[in-house]
file protein_36.cif (mmCIF, C-alpha atoms and all ligand atoms)
data_data
loop_
_atom_site.label_atom_id
_atom_site.label_comp_id
_atom_site.auth_asym_id
_atom_site.auth_seq_id
_atom_site.Cartn_x
_atom_site.Cartn_y
_atom_site.Cartn_z
CA MET A 40 84.72 154.32 124.51
CA GLU A 41 81.20 154.05 125.77
CA ARG A 42 78.98 152.01 123.54
CA ASP A 43 76.71 154.86 122.50
CA HIS A 44 79.56 157.08 121.50
CA ARG A 45 80.30 156.97 117.83
CA VAL A 46 83.79 156.97 116.34
CA ILE A 47 84.57 158.22 112.86
CA PHE A 48 87.54 156.56 111.20
CA ALA A 49 88.36 158.65 108.11
CA VAL A 50 90.53 157.21 105.34
CA PRO A 51 91.85 159.11 102.32
CA ALA A 52 91.33 156.51 99.59
CA LEU A 53 88.60 154.13 98.48
CA SER A 54 90.95 151.15 98.62
CA LEU A 55 91.61 151.98 102.28
CA VAL A 56 87.91 151.69 103.14
CA GLU A 57 87.96 147.99 102.28
CA GLN A 58 91.33 147.39 103.92
CA THR A 59 90.24 149.13 107.09
CA VAL A 60 86.94 147.25 107.30
CA SER A 61 88.66 143.89 106.85
CA ALA A 62 91.39 144.82 109.34
CA PHE A 63 88.76 145.79 111.96
CA CYS A 64 86.76 142.64 111.31
CA GLY A 65 89.97 140.63 111.60
CA GLU A 66 90.41 142.11 115.07
CA GLY A 67 86.90 141.01 115.98
CA LEU A 68 85.41 144.48 115.64
CA GLY A 69 82.18 143.88 113.75
CA CYS A 70 80.10 146.92 114.64
CA ILE A 71 81.05 148.87 111.53
CA GLY A 72 79.14 151.11 109.20
CA VAL A 73 80.66 152.61 106.07
CA VAL A 74 80.19 156.08 104.65
CA GLN A 75 81.23 155.88 101.02
CA ALA A 76 78.90 156.12 98.02
CA ASP A 77 76.28 153.31 98.24
CA HIS A 78 78.51 150.91 100.14
CA VAL A 79 76.75 147.69 101.24
CA LEU A 80 77.86 148.27 104.81
CA THR A 81 76.09 151.64 105.01
CA ASP A 82 74.55 151.69 108.51
CA PRO A 83 74.54 154.94 110.48
CA SER A 84 73.45 153.12 113.66
CA GLN A 85 76.82 151.35 114.03
CA PRO A 86 79.22 152.84 116.61
CA VAL A 87 82.24 152.74 114.27
CA GLN A 88 81.87 154.58 110.99
CA VAL A 89 84.59 154.01 108.41
CA CYS A 90 84.35 156.95 106.04
CA SER A 91 86.19 158.08 102.96
CA VAL A 92 87.44 161.64 103.31
CA GLN A 93 85.91 162.45 99.94
CA SER A 94 82.45 161.29 101.00
CA LEU A 95 82.67 163.21 104.28
CA ALA A 96 83.55 166.37 102.39
CA ARG A 97 80.31 166.08 100.40
CA ARG A 98 77.94 164.93 103.10
CA GLU A 99 76.69 165.91 106.52
CA LYS A 100 79.10 164.31 108.96
CA PRO A 101 77.68 161.84 111.47
CA GLU A 102 77.94 162.93 115.08
CA ALA A 103 80.90 161.43 116.88
CA ALA A 104 82.73 161.53 120.18
CA LEU A 105 86.08 160.81 118.57
CA VAL A 106 87.55 161.22 115.10
CA ILE A 107 90.52 159.23 113.86
CA ILE A 108 92.18 160.47 110.66
CA ASP A 109 94.21 157.84 108.82
CA GLU A 110 97.25 158.96 106.80
CA ALA A 111 97.06 162.29 108.61
CA HIS A 112 100.12 163.68 106.79
CA ARG A 113 98.03 164.06 103.63
CA MET A 114 96.24 167.05 105.15
CA PHE A 115 93.22 167.30 102.87
CA ALA A 116 91.73 170.79 102.82
CA SER A 117 88.32 169.36 103.78
CA VAL A 118 89.85 167.64 106.82
CA ASN A 119 91.68 170.80 107.84
CA GLU A 120 88.42 172.75 107.64
CA TRP A 121 86.64 170.09 109.67
CA MET A 122 89.27 170.18 112.40
CA THR A 123 88.99 173.94 112.74
CA ASP A 124 85.16 173.97 112.61
CA PRO A 125 83.93 175.45 115.94
CA GLU A 126 81.13 172.87 116.06
CA TRP A 127 83.76 170.14 116.36
CA ALA A 128 85.96 172.02 118.82
CA ASN A 129 85.15 169.68 121.69
CA VAL A 130 85.73 166.46 119.77
CA PRO A 131 89.23 165.02 119.94
CA PHE A 132 90.94 164.25 116.62
CA ILE A 133 93.67 161.63 116.46
CA GLY A 134 95.79 161.53 113.33
CA LEU A 135 97.61 158.36 112.31
CA SER A 136 100.69 158.46 110.12
CA ALA A 137 103.93 156.57 109.56
CA THR A 138 105.41 159.83 108.26
CA PRO A 139 103.97 162.66 110.39
CA TRP A 140 106.33 165.25 108.93
CA ALA A 141 104.07 167.26 106.63
CA ARG A 142 104.55 171.02 106.57
CA GLY A 143 102.15 172.68 108.97
CA LEU A 144 100.77 169.48 110.51
CA GLY A 145 101.42 171.10 113.91
CA LYS A 146 98.83 173.78 113.13
CA TYR A 147 96.08 171.14 113.35
CA TYR A 148 97.42 168.70 115.93
CA ASP A 149 98.68 169.70 119.38
CA ASP A 150 101.08 166.89 120.03
CA LEU A 151 103.08 164.13 118.40
CA ILE A 152 103.00 160.72 120.06
CA ILE A 153 105.57 158.35 118.66
CA ALA A 154 104.24 154.86 119.31
CA ALA A 155 107.21 153.11 117.76
CA ARG A 156 110.01 153.83 115.34
CA THR A 157 110.66 151.88 112.18
CA ALA A 158 113.76 150.22 113.59
CA GLU A 159 111.82 149.06 116.66
CA LEU A 160 109.01 147.68 114.52
CA ILE A 161 111.53 145.70 112.47
CA GLU A 162 113.21 144.47 115.62
CA ALA A 163 109.86 143.32 117.01
CA GLY A 164 108.93 141.57 113.79
CA TYR A 165 106.07 143.89 112.78
CA LEU A 166 107.97 145.16 109.77
CA SER A 167 110.32 143.33 107.46
CA PRO A 168 114.08 143.73 107.71
CA PHE A 169 115.63 145.22 104.59
CA ILE A 170 118.89 145.52 102.75
CA VAL A 171 119.76 148.31 100.33
CA PHE A 172 122.08 148.31 97.36
CA ALA A 173 122.92 151.60 95.68
CA PRO A 174 124.93 150.65 92.61
CA SER A 175 124.40 153.84 90.62
CA GLU A 176 122.77 157.23 90.76
CA PRO A 177 121.94 159.82 88.13
CA ASP A 178 123.90 163.04 87.75
CA LEU A 179 121.57 165.65 89.21
CA SER A 180 123.98 168.59 89.07
CA ASP A 181 121.81 170.37 86.48
CA VAL A 182 118.51 169.73 88.25
CA ALA A 183 117.08 172.74 90.07
CA THR A 184 115.32 172.57 93.43
CA ILE A 185 111.96 174.24 93.75
CA ALA A 186 110.16 174.51 97.11
CA GLY A 187 112.40 171.86 98.60
CA GLU A 188 111.96 169.28 95.85
CA PHE A 189 113.71 168.54 92.56
CA HIS A 190 112.26 170.21 89.47
CA GLN A 191 110.27 167.33 87.99
CA GLY A 192 110.89 168.11 84.32
CA GLU A 193 114.63 168.48 84.75
CA LEU A 194 114.66 165.41 86.95
CA SER A 195 112.99 163.41 84.21
CA ASP A 196 115.59 164.58 81.68
CA ALA A 197 118.39 163.58 84.04
CA CYS A 198 116.97 160.12 84.86
CA ASN A 199 115.18 158.98 81.71
CA LYS A 200 118.36 158.00 79.87
CA SER A 201 118.96 154.75 78.09
CA THR A 202 122.12 153.80 80.01
CA LEU A 203 120.58 154.58 83.40
CA VAL A 204 117.39 152.69 82.63
CA GLY A 205 119.43 149.76 81.30
CA ASP A 206 121.42 149.81 84.50
CA VAL A 207 118.27 149.58 86.62
CA VAL A 208 117.22 146.48 84.69
CA ALA A 209 120.71 144.91 84.88
CA THR A 210 120.87 145.47 88.63
CA TRP A 211 117.46 143.91 89.18
CA LEU A 212 118.48 140.87 87.15
CA ALA A 213 121.66 140.54 89.22
CA ARG A 214 120.27 141.46 92.63
CA GLY A 215 116.50 141.32 92.55
CA GLU A 216 116.29 137.53 92.96
CA LYS A 217 113.16 137.59 90.75
CA ARG A 218 111.24 138.94 93.72
CA PRO A 219 107.84 140.60 93.38
CA THR A 220 108.92 144.17 92.78
CA LEU A 221 107.57 147.71 92.71
CA CYS A 222 109.68 150.05 90.60
CA TYR A 223 109.36 153.83 91.00
CA GLY A 224 110.17 156.17 88.10
CA VAL A 225 110.22 159.96 87.99
CA ASP A 226 107.19 160.38 85.76
CA ARG A 227 105.02 158.45 83.36
CA ALA A 228 107.54 158.49 80.49
CA HIS A 229 110.31 157.25 82.76
CA ALA A 230 108.18 154.55 84.38
CA GLU A 231 106.98 153.32 80.99
CA HIS A 232 110.55 153.32 79.68
CA LEU A 233 111.55 151.16 82.66
CA GLN A 234 108.65 148.80 81.99
CA GLN A 235 109.63 148.53 78.33
CA ARG A 236 113.24 147.67 79.13
CA PHE A 237 112.19 145.05 81.67
CA LEU A 238 109.93 143.50 79.02
CA GLU A 239 112.80 143.50 76.53
CA ALA A 240 114.88 141.65 79.12
CA GLY A 241 112.16 139.01 79.32
CA VAL A 242 110.77 140.14 82.68
CA ALA A 243 106.97 140.33 83.00
CA ALA A 244 106.49 143.99 83.89
CA GLU A 245 103.37 146.15 83.95
CA PHE A 246 102.77 149.84 84.43
CA VAL A 247 100.25 151.57 86.67
CA ASP A 248 99.53 155.24 87.08
CA ALA A 249 96.74 157.46 88.34
CA TYR A 250 94.96 157.11 84.97
CA THR A 251 94.92 153.32 84.98
CA PRO A 252 91.22 152.36 85.30
CA VAL A 253 90.37 150.76 88.64
CA GLU A 254 89.36 147.41 87.05
CA GLU A 255 92.59 147.25 85.04
CA ARG A 256 94.60 148.12 88.12
CA GLU A 257 92.89 145.29 90.02
CA ARG A 258 93.68 142.87 87.17
CA ILE A 259 97.33 143.93 87.26
CA PHE A 260 97.41 143.44 91.05
CA ARG A 261 95.86 139.99 90.63
CA ARG A 262 98.55 138.99 88.12
CA PHE A 263 101.18 140.38 90.50
CA ARG A 264 99.77 138.39 93.43
CA ALA A 265 99.72 135.27 91.27
CA GLY A 266 103.38 135.81 90.36
CA VAL A 267 102.58 136.15 86.65
CA THR A 268 103.68 139.78 86.76
CA LYS A 269 107.03 140.28 88.47
CA ILE A 270 107.37 144.02 88.38
CA ILE A 271 104.95 146.93 88.49
CA THR A 272 106.50 150.21 87.41
CA ASN A 273 104.81 153.42 88.47
CA CYS A 274 105.46 157.04 89.27
CA ALA A 275 104.46 157.65 92.88
CA THR A 276 100.97 156.25 92.34
CA LEU A 277 101.60 153.25 94.53
CA THR A 278 102.38 155.02 97.78
CA THR A 279 99.21 154.45 99.81
CA GLY A 280 96.64 151.73 100.15
CA VAL A 281 98.53 149.14 98.15
CA ASP A 282 97.90 145.73 99.63
CA LEU A 283 100.57 143.68 97.84
CA ASP A 284 103.30 141.32 99.00
CA VAL A 285 106.28 143.33 97.76
CA ARG A 286 109.76 141.92 98.35
CA CYS A 287 111.90 144.23 96.25
CA ILE A 288 111.68 147.98 95.73
CA VAL A 289 113.49 149.60 92.83
CA ASP A 290 113.73 153.30 93.65
CA ALA A 291 114.66 155.24 90.52
CA LYS A 292 112.94 158.47 91.53
CA PRO A 293 115.28 160.91 93.24
CA THR A 294 113.58 162.99 95.90
CA LYS A 295 114.44 165.41 98.65
CA SER A 296 111.22 164.59 100.49
CA GLU A 297 111.72 162.36 103.51
CA MET A 298 107.98 161.60 103.45
CA LEU A 299 107.91 160.45 99.84
CA PHE A 300 111.12 158.46 100.34
CA VAL A 301 109.93 156.67 103.48
CA GLN A 302 106.51 155.97 101.90
CA THR A 303 108.21 154.48 98.85
CA ILE A 304 110.46 152.15 100.83
CA GLY A 305 107.58 151.53 103.26
CA ARG A 306 105.58 149.78 100.50
CA GLY A 307 108.00 146.90 100.86
CA LEU A 308 108.37 146.76 104.63
CA ARG A 309 105.20 144.81 105.27
CA THR A 310 105.84 141.31 106.60
CA ALA A 311 104.47 138.27 104.80
CA SER A 312 104.62 134.55 105.22
CA GLY A 313 107.93 133.25 103.86
CA LYS A 314 109.36 136.74 103.42
CA ASP A 315 112.91 136.93 104.75
CA LYS A 316 113.59 140.55 103.94
CA LEU A 317 113.02 143.42 101.55
CA ILE A 318 115.68 144.16 98.96
CA VAL A 319 115.94 147.81 97.98
CA LEU A 320 117.78 148.79 94.81
CA ASP A 321 118.39 152.52 95.01
CA HIS A 322 119.20 154.11 91.64
CA ALA A 323 118.18 157.55 92.82
CA GLY A 324 120.87 158.46 95.35
CA ASN A 325 118.10 158.76 97.93
CA HIS A 326 119.85 156.84 100.70
CA LEU A 327 123.02 158.88 100.37
CA ARG A 328 120.95 162.07 100.38
CA LEU A 329 118.43 161.26 103.12
CA GLY A 330 119.83 158.29 105.03
CA LEU A 331 118.32 154.91 105.78
CA VAL A 332 114.58 155.00 106.54
CA THR A 333 115.44 153.76 110.03
CA ASP A 334 117.52 156.94 110.55
CA ILE A 335 114.75 159.43 109.82
CA HIS A 336 112.97 160.77 112.92
CA HIS A 337 111.38 164.01 114.02
CA GLU A 338 110.45 164.62 117.63
CA HIS A 339 108.02 167.45 116.89
CA LEU A 340 105.31 168.33 114.41
CA ASP A 341 106.16 170.94 111.80
CA ASP A 342 104.63 174.29 112.78
CA GLY A 343 104.56 175.53 109.21
CA LYS A 344 106.82 178.47 109.97
CA PRO A 345 109.63 179.15 107.50
CA LYS A 346 112.91 177.57 108.54
CA LYS A 347 115.93 179.75 109.12
CA ALA A 348 118.82 179.09 106.78
CA GLY A 349 120.67 175.96 107.83
CA GLU A 350 118.08 175.06 110.41
CA ASP A 351 117.26 171.41 110.42
CA ASP A 352 114.53 170.06 112.63
CA ARG A 353 115.58 166.47 112.23
CA GLU A 354 116.61 165.50 115.71
CA ARG A 355 119.73 163.53 116.48
CA LYS A 356 120.44 163.30 112.81
CA ALA A 357 122.28 160.07 112.10
CA PRO A 358 125.32 160.42 109.86
CA LEU A 359 124.51 159.58 106.24
CA PRO A 360 125.31 155.99 105.30
CA ARG A 361 128.11 154.85 103.01
CA ILE A 362 128.31 152.33 100.23
CA CYS A 363 130.27 149.09 100.49
CA ASP A 364 133.18 149.07 98.06
CA GLY A 365 132.61 145.39 97.51
CA CYS A 366 128.92 144.97 96.74
CA SER A 367 127.47 148.53 96.81
CA ALA A 368 125.28 147.71 99.79
CA VAL A 369 124.26 150.76 101.80
CA MET A 370 125.45 150.52 105.39
CA PRO A 371 125.76 152.70 108.47
CA ARG A 372 128.77 154.98 108.19
CA LYS A 373 130.54 153.41 111.14
CA ALA A 374 129.88 149.75 110.31
CA ALA A 375 133.15 147.84 110.12
CA VAL A 376 131.80 144.86 108.18
CA CYS A 377 129.36 144.83 105.30
CA GLU A 378 126.33 142.74 106.24
CA ALA A 379 125.64 141.89 102.63
CA CYS A 380 128.99 140.61 101.39
CA GLY A 381 131.07 140.31 104.55
CA ALA A 382 133.66 142.76 103.22
CA VAL A 383 135.69 144.24 106.02
CA ARG A 384 136.26 147.95 105.81
CA GLU A 385 139.90 148.26 104.94
CA ALA A 386 142.44 150.28 103.04
CA LYS A 387 142.27 150.06 99.27
CA CYS A 388 145.61 148.25 98.97
CA GLU A 389 144.31 145.41 101.13
CA VAL A 390 141.27 145.06 98.93
CA ASP A 391 143.62 144.80 95.97
CA ALA A 392 145.57 142.10 97.75
CA VAL A 393 142.39 140.10 98.18
CA ASP A 394 141.65 140.78 94.56
CA GLY A 395 145.06 139.43 93.57
CA GLU A 396 144.44 136.21 95.41
CA LEU A 397 141.28 135.81 93.49
CA VAL A 398 142.91 136.08 90.15
CA GLU A 399 144.87 133.09 91.34
CA LEU A 400 141.70 131.23 92.20
CA GLY A 401 139.05 132.37 89.81
CA SER A 402 140.66 133.01 86.47
CA GLY A 403 143.90 132.80 84.51
CA THR A 404 146.21 129.87 83.93
CA ARG A 405 146.44 128.57 87.46
CA ALA A 406 142.71 128.33 87.74
CA GLU A 407 142.54 126.23 84.60
CA LYS A 408 144.83 123.68 86.17
CA TRP A 409 142.55 123.38 89.13
CA ALA A 410 139.91 120.76 88.40
CA PRO A 411 137.73 120.35 91.48
CA THR A 412 136.56 116.90 92.48
CA ALA A 413 132.90 116.14 93.11
CA SER A 414 133.44 116.16 96.86
CA GLU A 415 135.25 119.50 96.70
CA LYS A 416 132.27 120.90 94.85
CA ARG A 417 129.90 119.45 97.41
CA GLU A 418 131.93 120.91 100.24
CA PHE A 419 131.93 124.29 98.49
CA PHE A 420 128.14 124.16 98.16
CA GLY A 421 127.88 123.44 101.89
CA GLU A 422 130.04 126.48 102.60
CA LEU A 423 127.83 128.62 100.37
CA ARG A 424 124.76 127.42 102.21
CA PHE A 425 126.39 128.39 105.47
CA ILE A 426 127.10 131.90 104.18
CA ALA A 427 123.57 132.12 102.76
CA ALA A 428 122.08 131.21 106.14
CA GLU A 429 124.40 133.65 107.87
CA ARG A 430 123.20 136.50 105.68
CA GLY A 431 119.59 135.48 105.47
CA TYR A 432 119.85 134.64 101.75
CA SER A 433 117.91 131.86 100.09
CA ASP A 434 119.44 128.58 98.93
CA GLY A 435 118.96 130.00 95.44
CA TRP A 436 121.78 132.40 96.17
CA ALA A 437 124.07 129.47 97.05
CA SER A 438 123.12 127.71 93.80
CA HIS A 439 123.80 130.87 91.87
CA LYS A 440 127.25 131.34 93.41
CA PHE A 441 127.99 127.66 92.83
CA ARG A 442 127.22 128.13 89.16
CA GLU A 443 129.36 131.25 89.03
CA LYS A 444 132.26 129.19 90.33
CA PHE A 445 131.88 125.93 88.39
CA GLY A 446 129.82 126.94 85.37
CA HIS A 447 126.93 124.59 86.14
CA TRP A 448 124.13 124.35 88.66
CA PRO A 449 124.39 122.05 91.70
CA ASN A 450 121.81 119.76 90.17
CA ASP A 451 122.86 116.37 91.49
CA ALA A 452 121.22 115.20 94.68
CA TRP A 453 124.51 114.44 96.39
CA THR A 454 125.83 117.97 96.01
CA ARG A 455 122.48 119.38 97.07
CA SER A 456 122.45 117.24 100.20
CA ALA A 457 125.50 119.10 101.53
CA GLY A 458 124.68 120.58 104.93
CA PRO A 459 125.90 124.07 105.81
CA THR A 460 129.54 123.99 106.85
CA ALA A 461 131.68 126.83 108.13
CA PRO A 462 133.46 128.32 105.12
CA SER A 463 137.22 128.51 104.74
CA LEU A 464 138.86 131.90 104.46
CA LYS A 465 139.53 131.05 100.81
CA THR A 466 135.82 130.64 100.13
CA ARG A 467 134.97 133.82 101.99
CA ASN A 468 137.58 135.69 99.97
CA TRP A 469 136.18 134.29 96.76
CA ILE A 470 132.71 135.55 97.64
CA ARG A 471 134.13 138.94 98.45
CA SER A 472 136.06 139.00 95.19
CA ARG A 473 132.94 138.29 93.17
CA ALA A 474 131.28 141.29 94.78
CA ILE A 475 134.32 143.41 93.96
CA ALA A 476 134.32 142.14 90.37
CA PHE A 477 130.63 142.98 90.13
CA ALA A 478 131.26 146.52 91.32
CA LYS A 479 134.26 146.95 89.01
CA GLY A 480 132.25 145.67 86.08
CA ARG A 481 129.74 148.41 86.71
CA ARG A 482 132.44 151.05 86.84
CA ALA A 483 134.01 149.70 83.65
CA ASN A 484 130.65 150.17 81.96
CA GLY A 485 130.90 153.84 82.75
CA GLU A 486 128.58 153.75 85.71
CA THR A 487 129.83 155.08 88.98
ZN ZN B 501 129.33 144.58 100.75
#

call {"tool": "encode", "arguments": {"input": "protein_36.cif", "output": "structure tokens"}}
result
Amino acid sequence: MERDHRVIFAVPALSLVEQTVSAFCGEGLGCIGVVQADHVLTDPSQPVQVCSVQSLARREKPEAALVIIDEAHRMFASVNEWMTDPEWANVPFIGLSATPWARGLGKYYDDLIIAARTAELIEAGYLSPFIVFAPSEPDLSDVATIAGEFHQGELSDACNKSTLVGDVVATWLARGEKRPTLCYGVDRAHAEHLQQRFLEAGVAAEFVDAYTPVEERERIFRRFRAGVTKIITNCATLTTGVDLDVRCIVDAKPTKSEMLFVQTIGRGLRTASGKDKLIVLDHAGNHLRLGLVTDIHHEHLDDGKPKKAGEDDRERKAPLPRICDGCSAVMPRKAAVCEACGAVREAKCEVDAVDGELVELGSGTRAEKWAPTASEKREFFGELRFIAAERGYSDGWASHKFREKFGHWPNDAWTRSAGPTAPSLKTRNWIRSRAIAFAKGRRANGET
């Protein structure tokens, strides 16, 4: 860009004004003016104008040689009008979006340029790796679909049930590793119910929705950043402009919208110092319905024309994933080994055989006779640490498994000093059996 040519960078939310300004400044771009209420950075002479879409809709737009629309998939009516205004016909508009799949987006933009796909960004370290567990899903057989999405009222009835909500909480306690978590419910009642049950379980949970006053919302975010609040429940409020270090997403809001789904999971894909991965707990059946977020691509913009029956514009559609029998992790359909628990895909009878061996090890009379020595325990802890490292789990996971096995934490320094050692088949089988027992326990509780 030539220096005297102004650029408008339009963002759809107030919170994004601040984030954009600090991101630009962080990149050494200081020549910024802001168009938003009486913002302190108001300065029309600056070559880069960061503007809120709402302010632009109300005011005379500054002249510009280029317009960049952030979160272009949101397609505000005022932006659409602007783009089709003959006075702006010679100015190029560039839309930015991680989910450029909105209906009719192709009526306003000529071309889709895919800079990088989610999987590539994870591979390159720009986004966090993730693992998904899908231990239960609601029965949606009575929920109607309207205009491509579930009927919200019926969806709420199907999901806002005591057993299902209790299951979400139980899964987080078992799998969430006390990570900073965003939890998505169907609607306000559902999200508040989830918050309530987390509180009853002794987990510091708060609730945010579109009606939460800005100051209160900021206070909640501060408590979340400080680790005082572990979980924020919400109903689709926290999909854009949320600048939080989120390491677990609980998705309890079934959707048929790839955009909403990817935005929800996307809240947790940001990298952060010390963050190994994102854990996703899917209680909505979304992964089995839509696939992994890394599987969702479209090569073209939607032209807004009605689709013919059975027509699907998703290119090279990846087969839907499956769920590990052992630990309920979601994995690619063809994967032979579960990355989460190491379970090898095998016939049911073989799983049972492994299970049988476990009974021998883990419970029953023979187990009672087995009194491990201190060095056996230490060796076992070393094996757990090896498996933890292999799977990218924390040492906390190893401690937890140790406790599951021996009934106490590995508190003594000698045990804790055990370096990672390659695990025996017996230890690997025990780990696998615990995952199977976990899954069976869920089924026994009437949850499938
Ligand atoms: Zn598994």

call {"tool": "atom_distance", "arguments": {"input": "protein_36.cif", "atom1": "atom CA of A:Gly145", "atom2": "atom CA of A:Asp341"}}
result
5.2 Å

call {"tool": "atom_distance", "arguments": {"input": "protein_36.cif", "atom1": "atom CA of A:Trp140", "atom2": "atom CA of A:Val281"}}
result
20.9 Å

call {"tool": "closest_residue", "arguments": {"input": "protein_36.cif", "among": "A:Val332, A:Ala173, A:Gln85, A:Ser195", "to": "ligand ZN 501 (chain B)", "atoms": "only C-alpha atoms and all ligand atoms"}}
result
A:Ala173

call {"tool": "atom_distance", "arguments": {"input": "protein_36.cif", "atom1": "atom CA of A:Gly205", "atom2": "atom CA of A:Gly305"}}
result
25.0 Å

call {"tool": "residues_around", "arguments": {"input": "protein_36.cif", "residues": "A:Met122", "least_positions_apart": "5", "cutoff": "8 Å", "atoms": "only C-alpha atoms", "output": "JSON, numbers by chain"}}
result
{"A": [127, 128, 132, 147]}
